[in-house]
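Everything below concerns the one structure shown next.
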Amino acid sequence: MEFAELIKTPRVDGVVLHRPFMPTVEGTLCLTGHHLILSSRQDNTEELWLLHSNIDSIEKRFVGSLGTIIVKCKDLRVIQLDIPGMEECLNIASSIEALSTLDSVSLMYPFFYRPMFEVIEDGWNSFLPEDAFKDLESMTDEWRLSDVNKDFSVCPSYPPLVAVPKDIDDDTLRKAATFRHSGRFPVLSYYHKKNGMVMMRSGQPLTGTNGRRCKEDEKLINATLRPGKRGYIIDTRTINVAQQAKARGGGFESEANYPQWRRIHKALERSNVLQESLIKLVEACNDQSHSMDRWLSKLEASSWQTHVKEILTTACLAAQCIDREGASVLVHGTEGTDSTLQVTSLAQIILDPACRTIRGFQGLVEREWLQAGHPFQQRCAQSAYSNSKPRQESPVFLLFLDCVWQILRQFPCSFEFSESFLVLLFEHAYASQFGTFLGNSTAERTRLSLPEKTVSLWSWVNRPQELERLTNPLYEANSLVIWPSVAPQSLLLWEGVFLRWNRSSRCLDEAYEEMVHIIEYNKELQNKVNSLRRQLAQLETEDPLLQTP
């Protein structure tokens with residue numbers, strides 16, 4: 001298919017662009033296969049380059065021969081284009097609709113994008129499982145890297161290499177996989193260096209109504225326990241939901257078959273509920289007409305902050321079991337690709353200072369989201385404005401980023417990265433020139449040859465000038481476990497995402513610049529103090545009479 005077939009009118013002059021808190025721009029609108037571009041000859045105006053894949057929905061309005069298109073984006077931006085001529089407006093609108101809903105992954109922009117920057121480090125090779133395993137090997141010899149899934153036949157959503165207990169052979173893993181949802185047998189998620197406890201993740205066990213059991217599965221998860229120790233299974237579903245799953249062939253671990261494990265049920269919501277919550281939240285944030293009371297009640301009705309609280313609470317529970325109880329943990333829900341990953345990755349941010357660095361956080365996203373099989377292509381196909389009926393869309397990853405932001409806000413000096421990094425990841429998960437978030441699993445990315453045909457987001461992020469932009473100026477390495485508060489007054493609306501386009505950023509930008517200035521000035525003074533101390537010490541060694549009593 002040629003993109004030209006979908007572009008009815010490639011160019012229109014005299015188009016007026018309206019954006020909140022920015023001056024109106026008049027210029028030429030151009031449509032390419034992947035971008036909507038508005039360029040102007042006016043001085044001091046920046047061009048608009050908008051990926052079609054970032055467009056969630058459009059609305060058309062007409063007054064006489066003047067047409068208006070409201071473009072609603074997946075990054076929650078809303079822009080308005082006034083287009084002279086009804087026919088031109090209709091043509092542009094239908095072209096945008098066609099180009100923003102392409103089904104074929106191989107027609108998406110990452111396959112056509114050529115970087116304008118020098119690729120110093122190939123991000124596709126930056127966070128390989130074998131490299132992560134070398135770090136694990138330096139701490140313990142109780143685990144091994146298995147290639148049982150090398151052809152993706154045991155579990156289609158797992159990577160080719162997974163870390164499993166050393167004493168468990170591949171045949172046992174294959175049998176355990178037949179007992180877990182989608183073949184997602186328990187694998188290592190995190191090793192806690194302090195006490196040797198581990199966190200594992202999996203899909204639900206397929207016990208069904210007959211109470212089916214699997215000796216290999218029991219052997220596999222018991223292999224992670226120390227002699228005389230008990231473990232915790234954190235099921236991200238309520239007991240009722242887990243019971244109902246039995247009728248569909250799923251279920252949970254029975255105490256009779258897993259006597260060394262204590263099961264805890266938490267109520268983390270599923271995909272469609274979260275999508276509805278995001279839609280209500282964004283609707284409330286865009287509604288400028290209400291009184292504060294009405295606005296707050298709409299905010300509360302979205303239940304978004306409740307989801308944030310529940311996820312953080314569950315992650316804290318997992319971290320507490322490992323760090324304070326000295327127990328190993330297995331986390332799963334139904335599939336093990338959504339709420340499970342929220343919990344395992346947030347628990348690591350709480351426990352592991354390395355995950356709070358820029359590179360460590362990239363590694364966490366790779367390990368616990370991309371390689372762990374979170375279906376980004378499905379979950380991020382729509383954002384909050386889409387008119388089509390949600391299928392498998394859900395803001396699971398955005399909720400995780402929101403939770404990270406809450407912890408970052410409570411511990412502003414413990415993270416090497418700033419809020420800008422989290423916002424960047426949100427944007428690229430929904431629409432990107434990079435191939436990192438394309439596909440739903442490592443198997444799909446391999447089949448699409450993404451490492452060979454597209455550029456990795458990490459190649460862009462890990463350039464010195466970009467790292468400098470994303471670094472938190474307040475960062476001071478903190479080797480401790482950090483325990484976030486989940487009290488309602490401690491959890492705030494993430495304004496940097498949800499109110500980003502509804503207010504001017506000028507005051508915030510000025511405050512940030514002032515903060516950076518103060519930090520730099522403080523460093524200068526600290527250097528002067530150190531220099532004077534050295535001079536004083538030098539003088540004291542040269543003249544004993546000057547020595548301080």
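In the structure tokens, chains take the letters A, B, ... in the order shown, each chain's residues start at 1, and ligands count up from 1 in the order shown.
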
Can I get the residues of stretch 452-505 of chain A within 10 Å of stretch 119-126 of chain A, each with the closest pair of atoms and their distance in Å to one decimal, using only C-alpha atoms, sorted chain first then ascending number, as CSV?
residue,atom,partner,partner_atom,distance
A:Glu452,CA,A:Trp124,CA,8.9
A:Thr454,CA,A:Trp124,CA,9.4
A:Val455,CA,A:Gly123,CA,7.7
A:Ser456,CA,A:Gly123,CA,5.1
A:Leu457,CA,A:Gly123,CA,6.8
A:Trp458,CA,A:Gly123,CA,4.6
A:Ser459,CA,A:Gly123,CA,4.5
A:Trp460,CA,A:Val119,CA,7.4
A:Val461,CA,A:Gly123,CA,8.9
A:Asn462,CA,A:Glu121,CA,7.4
A:Arg463,CA,A:Ile120,CA,7.1
A:Pro464,CA,A:Ile120,CA,9.7

Using DSSP on the backbone coordinates, identify all residues within stretch 139-250 of chain A classified as alpha helix (DSSP H); present the result as a compact mmCIF listing (two decimals) with all heavy atoms, in the first residue's frame.
# COMPACT_ATOMS: atom_id res chain seq x y z
N ASP A 170 15.33 -28.18 32.64
CA ASP A 170 14.43 -27.63 31.62
C ASP A 170 13.16 -28.45 31.45
O ASP A 170 12.09 -27.92 31.13
CB ASP A 170 15.16 -27.49 30.28
CG ASP A 170 16.11 -26.31 30.26
OD1 ASP A 170 16.11 -25.55 31.26
OD2 ASP A 170 16.83 -26.13 29.27
N ASP A 171 13.26 -29.75 31.66
CA ASP A 171 12.08 -30.61 31.52
C ASP A 171 11.03 -30.25 32.57
O ASP A 171 9.83 -30.20 32.29
CB ASP A 171 12.50 -32.08 31.65
CG ASP A 171 11.47 -33.00 31.02
OD1 ASP A 171 10.93 -32.63 29.95
OD2 ASP A 171 11.19 -34.07 31.60
N THR A 172 11.50 -29.98 33.79
CA THR A 172 10.59 -29.55 34.87
C THR A 172 9.94 -28.22 34.50
O THR A 172 8.74 -28.02 34.74
CB THR A 172 11.39 -29.40 36.19
OG1 THR A 172 12.04 -30.64 36.48
CG2 THR A 172 10.49 -29.01 37.35
N LEU A 173 10.71 -27.32 33.89
CA LEU A 173 10.16 -26.01 33.48
C LEU A 173 9.07 -26.19 32.43
O LEU A 173 8.03 -25.54 32.49
CB LEU A 173 11.28 -25.13 32.91
CG LEU A 173 12.42 -24.73 33.86
CD1 LEU A 173 13.47 -23.91 33.12
CD2 LEU A 173 11.90 -23.94 35.06
N ARG A 174 9.29 -27.09 31.48
CA ARG A 174 8.29 -27.32 30.42
C ARG A 174 6.98 -27.83 31.02
O ARG A 174 5.90 -27.40 30.62
CB ARG A 174 8.82 -28.34 29.40
CG ARG A 174 9.88 -27.77 28.48
CD ARG A 174 10.25 -28.74 27.34
NE ARG A 174 11.48 -28.30 26.71
CZ ARG A 174 12.70 -28.73 27.05
NH1 ARG A 174 12.85 -29.65 28.00
NH2 ARG A 174 13.77 -28.27 26.43
N LYS A 175 7.09 -28.74 31.98
CA LYS A 175 5.88 -29.28 32.61
C LYS A 175 5.18 -28.22 33.47
O LYS A 175 3.95 -28.13 33.47
CB LYS A 175 6.24 -30.51 33.45
CG LYS A 175 6.54 -31.73 32.57
CD LYS A 175 7.04 -32.90 33.38
CE LYS A 175 7.35 -34.07 32.45
NZ LYS A 175 8.18 -35.09 33.10
N ALA A 176 5.97 -27.42 34.18
CA ALA A 176 5.39 -26.34 34.99
C ALA A 176 4.68 -25.32 34.10
O ALA A 176 3.63 -24.78 34.46
CB ALA A 176 6.48 -25.66 35.82
N ALA A 177 5.23 -25.09 32.91
CA ALA A 177 4.63 -24.12 31.98
C ALA A 177 3.24 -24.54 31.53
O ALA A 177 2.36 -23.70 31.31
CB ALA A 177 5.54 -23.93 30.77
N LYS A 215 3.17 -31.29 40.26
CA LYS A 215 4.32 -31.50 41.15
C LYS A 215 5.53 -30.68 40.71
O LYS A 215 6.29 -30.18 41.53
CB LYS A 215 4.68 -32.99 41.17
CG LYS A 215 3.65 -33.88 41.87
CD LYS A 215 3.77 -33.75 43.38
CE LYS A 215 2.79 -34.61 44.16
NZ LYS A 215 2.95 -36.05 43.95
N GLU A 216 5.70 -30.55 39.38
CA GLU A 216 6.85 -29.78 38.86
C GLU A 216 6.75 -28.30 39.23
O GLU A 216 7.75 -27.67 39.56
CB GLU A 216 6.93 -29.93 37.33
CG GLU A 216 7.38 -31.29 36.86
CD GLU A 216 6.27 -32.34 36.87
OE1 GLU A 216 5.08 -31.96 37.07
OE2 GLU A 216 6.56 -33.52 36.67
N ASP A 217 5.52 -27.77 39.19
CA ASP A 217 5.32 -26.37 39.57
C ASP A 217 5.63 -26.18 41.06
O ASP A 217 6.30 -25.21 41.45
CB ASP A 217 3.88 -25.95 39.26
CG ASP A 217 3.65 -24.46 39.51
OD1 ASP A 217 4.05 -23.66 38.65
OD2 ASP A 217 3.10 -24.10 40.57
N GLU A 218 5.15 -27.10 41.87
CA GLU A 218 5.40 -27.04 43.32
C GLU A 218 6.90 -27.11 43.60
O GLU A 218 7.45 -26.34 44.41
CB GLU A 218 4.66 -28.18 44.04
CG GLU A 218 3.14 -28.04 43.97
CD GLU A 218 2.41 -29.35 44.23
OE1 GLU A 218 2.95 -30.21 44.96
OE2 GLU A 218 1.30 -29.52 43.69
N LYS A 219 7.58 -28.03 42.90
CA LYS A 219 9.03 -28.18 43.07
C LYS A 219 9.77 -26.90 42.67
O LYS A 219 10.70 -26.46 43.35
CB LYS A 219 9.50 -29.36 42.21
CG LYS A 219 10.99 -29.67 42.33
CD LYS A 219 11.38 -30.80 41.38
CE LYS A 219 12.88 -31.05 41.41
NZ LYS A 219 13.29 -32.05 40.41
N LEU A 220 9.32 -26.30 41.58
CA LEU A 220 9.96 -25.08 41.06
C LEU A 220 9.88 -23.95 42.07
O LEU A 220 10.89 -23.32 42.38
CB LEU A 220 9.30 -24.68 39.73
CG LEU A 220 9.65 -23.30 39.14
CD1 LEU A 220 11.15 -23.12 38.99
CD2 LEU A 220 8.97 -23.12 37.79
N ILE A 221 8.69 -23.67 42.59
CA ILE A 221 8.63 -22.50 43.49
C ILE A 221 9.19 -22.82 44.88
O ILE A 221 9.72 -21.94 45.54
CB ILE A 221 7.24 -21.81 43.54
CG1 ILE A 221 6.22 -22.61 44.33
CG2 ILE A 221 6.72 -21.46 42.18
CD1 ILE A 221 5.01 -21.76 44.69
N ASN A 222 9.12 -24.10 45.30
CA ASN A 222 9.72 -24.45 46.59
C ASN A 222 11.24 -24.38 46.54
O ASN A 222 11.89 -24.19 47.58
CB ASN A 222 9.28 -25.86 47.01
CG ASN A 222 7.84 -25.88 47.50
OD1 ASN A 222 7.31 -24.85 47.92
ND2 ASN A 222 7.19 -27.03 47.44
N ILE A 239 -10.18 -12.53 46.29
CA ILE A 239 -10.44 -13.97 46.41
C ILE A 239 -11.63 -14.38 45.54
O ILE A 239 -11.64 -15.46 44.94
CB ILE A 239 -10.65 -14.37 47.90
CG1 ILE A 239 -10.82 -15.89 48.07
CG2 ILE A 239 -11.81 -13.63 48.54
CD1 ILE A 239 -9.62 -16.71 47.77
N ASN A 240 -12.64 -13.49 45.42
CA ASN A 240 -13.82 -13.81 44.59
C ASN A 240 -13.45 -13.95 43.12
O ASN A 240 -13.89 -14.88 42.44
CB ASN A 240 -14.90 -12.73 44.75
CG ASN A 240 -15.57 -12.81 46.10
OD1 ASN A 240 -15.46 -13.82 46.78
ND2 ASN A 240 -16.25 -11.74 46.51
N VAL A 241 -12.65 -12.99 42.62
CA VAL A 241 -12.22 -13.05 41.21
C VAL A 241 -11.38 -14.31 40.98
O VAL A 241 -11.54 -14.99 39.96
CB VAL A 241 -11.43 -11.77 40.83
CG1 VAL A 241 -10.81 -11.90 39.45
CG2 VAL A 241 -12.34 -10.55 40.88
N ALA A 242 -10.50 -14.63 41.92
CA ALA A 242 -9.65 -15.81 41.79
C ALA A 242 -10.50 -17.09 41.80
O ALA A 242 -10.22 -18.04 41.06
CB ALA A 242 -8.62 -15.84 42.92
N GLN A 243 -11.56 -17.11 42.64
CA GLN A 243 -12.47 -18.28 42.69
C GLN A 243 -13.20 -18.43 41.36
O GLN A 243 -13.34 -19.53 40.82
CB GLN A 243 -13.51 -18.10 43.81
CG GLN A 243 -12.94 -18.16 45.21
CD GLN A 243 -12.81 -19.59 45.74
OE1 GLN A 243 -12.88 -20.55 44.97
NE2 GLN A 243 -12.60 -19.73 47.03
N GLN A 244 -13.67 -17.29 40.83
CA GLN A 244 -14.41 -17.33 39.55
C GLN A 244 -13.51 -17.81 38.41
O GLN A 244 -13.98 -18.44 37.47
CB GLN A 244 -14.95 -15.93 39.21
CG GLN A 244 -16.11 -15.50 40.09
CD GLN A 244 -16.34 -13.99 40.07
OE1 GLN A 244 -15.79 -13.28 39.21
NE2 GLN A 244 -17.12 -13.49 41.01
N ALA A 245 -12.22 -17.52 38.51
CA ALA A 245 -11.28 -17.94 37.47
C ALA A 245 -11.21 -19.46 37.35
O ALA A 245 -10.91 -20.00 36.29
CB ALA A 245 -9.89 -17.37 37.75
N LYS A 246 -11.50 -20.17 38.45
CA LYS A 246 -11.47 -21.64 38.43
C LYS A 246 -12.44 -22.19 37.39
O LYS A 246 -12.14 -23.18 36.71
CB LYS A 246 -11.83 -22.19 39.80
CG LYS A 246 -10.70 -22.13 40.81
CD LYS A 246 -11.10 -22.86 42.08
CE LYS A 246 -9.88 -23.09 42.97
NZ LYS A 246 -10.23 -23.90 44.15
N ALA A 247 -13.62 -21.54 37.30
CA ALA A 247 -14.64 -22.02 36.35
C ALA A 247 -14.16 -21.90 34.91
O ALA A 247 -14.65 -22.60 34.02
CB ALA A 247 -15.93 -21.23 36.56

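Picture a line from atom CA of A:Ile350 to atom CA of A:Asn472; it runs 17.9 Å.
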
message: Quick check, in Å to one decimal: how far apart do atom CA of A:Glu495 and atom CA of A:Val273 lie?
response: 21.8 Å

task: Choose the residue, out of A:Asn530, A:Ser297, A:Gln535, A:Thr101, that has the smallest atom-to-atom separation from A:Ile55; count only C-alpha atoms.
output: A:Thr101

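For the pair atom CA of A:Tyr109 and atom CA of A:Leu76, the interatomic distance is 20.0 Å.
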
Contacts of stretch 407-508 of chain A with stretch 12-34 of chain A up to 7 Å, shortest pair per row, only C-alpha atoms, as a Markdown table:
| residue | atom | partner | partner_atom | distance |
| --- | --- | --- | --- | --- |
| A:Trp501 | CA | A:Pro20 | CA | 6.7 |
| A:Asn502 | CA | A:Pro20 | CA | 6.8 |
| A:Arg503 | CA | A:Phe21 | CA | 7.0 |
| A:Ser504 | CA | A:Phe21 | CA | 5.8 |

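Proximity of A:Ala431, A:Leu491, A:Ile407, A:Cys214 to A:Met108, computed with only C-alpha atoms, is greatest for A:Ala431.
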
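Omitting A:Pro84 and its sequence neighbours fewer than 3 positions away, and counting only C-alpha atoms, the residues within 8 Å are Gly14, Val15, Ser65, Leu66, Gly67, Glu88 and Cys89 of chain A.
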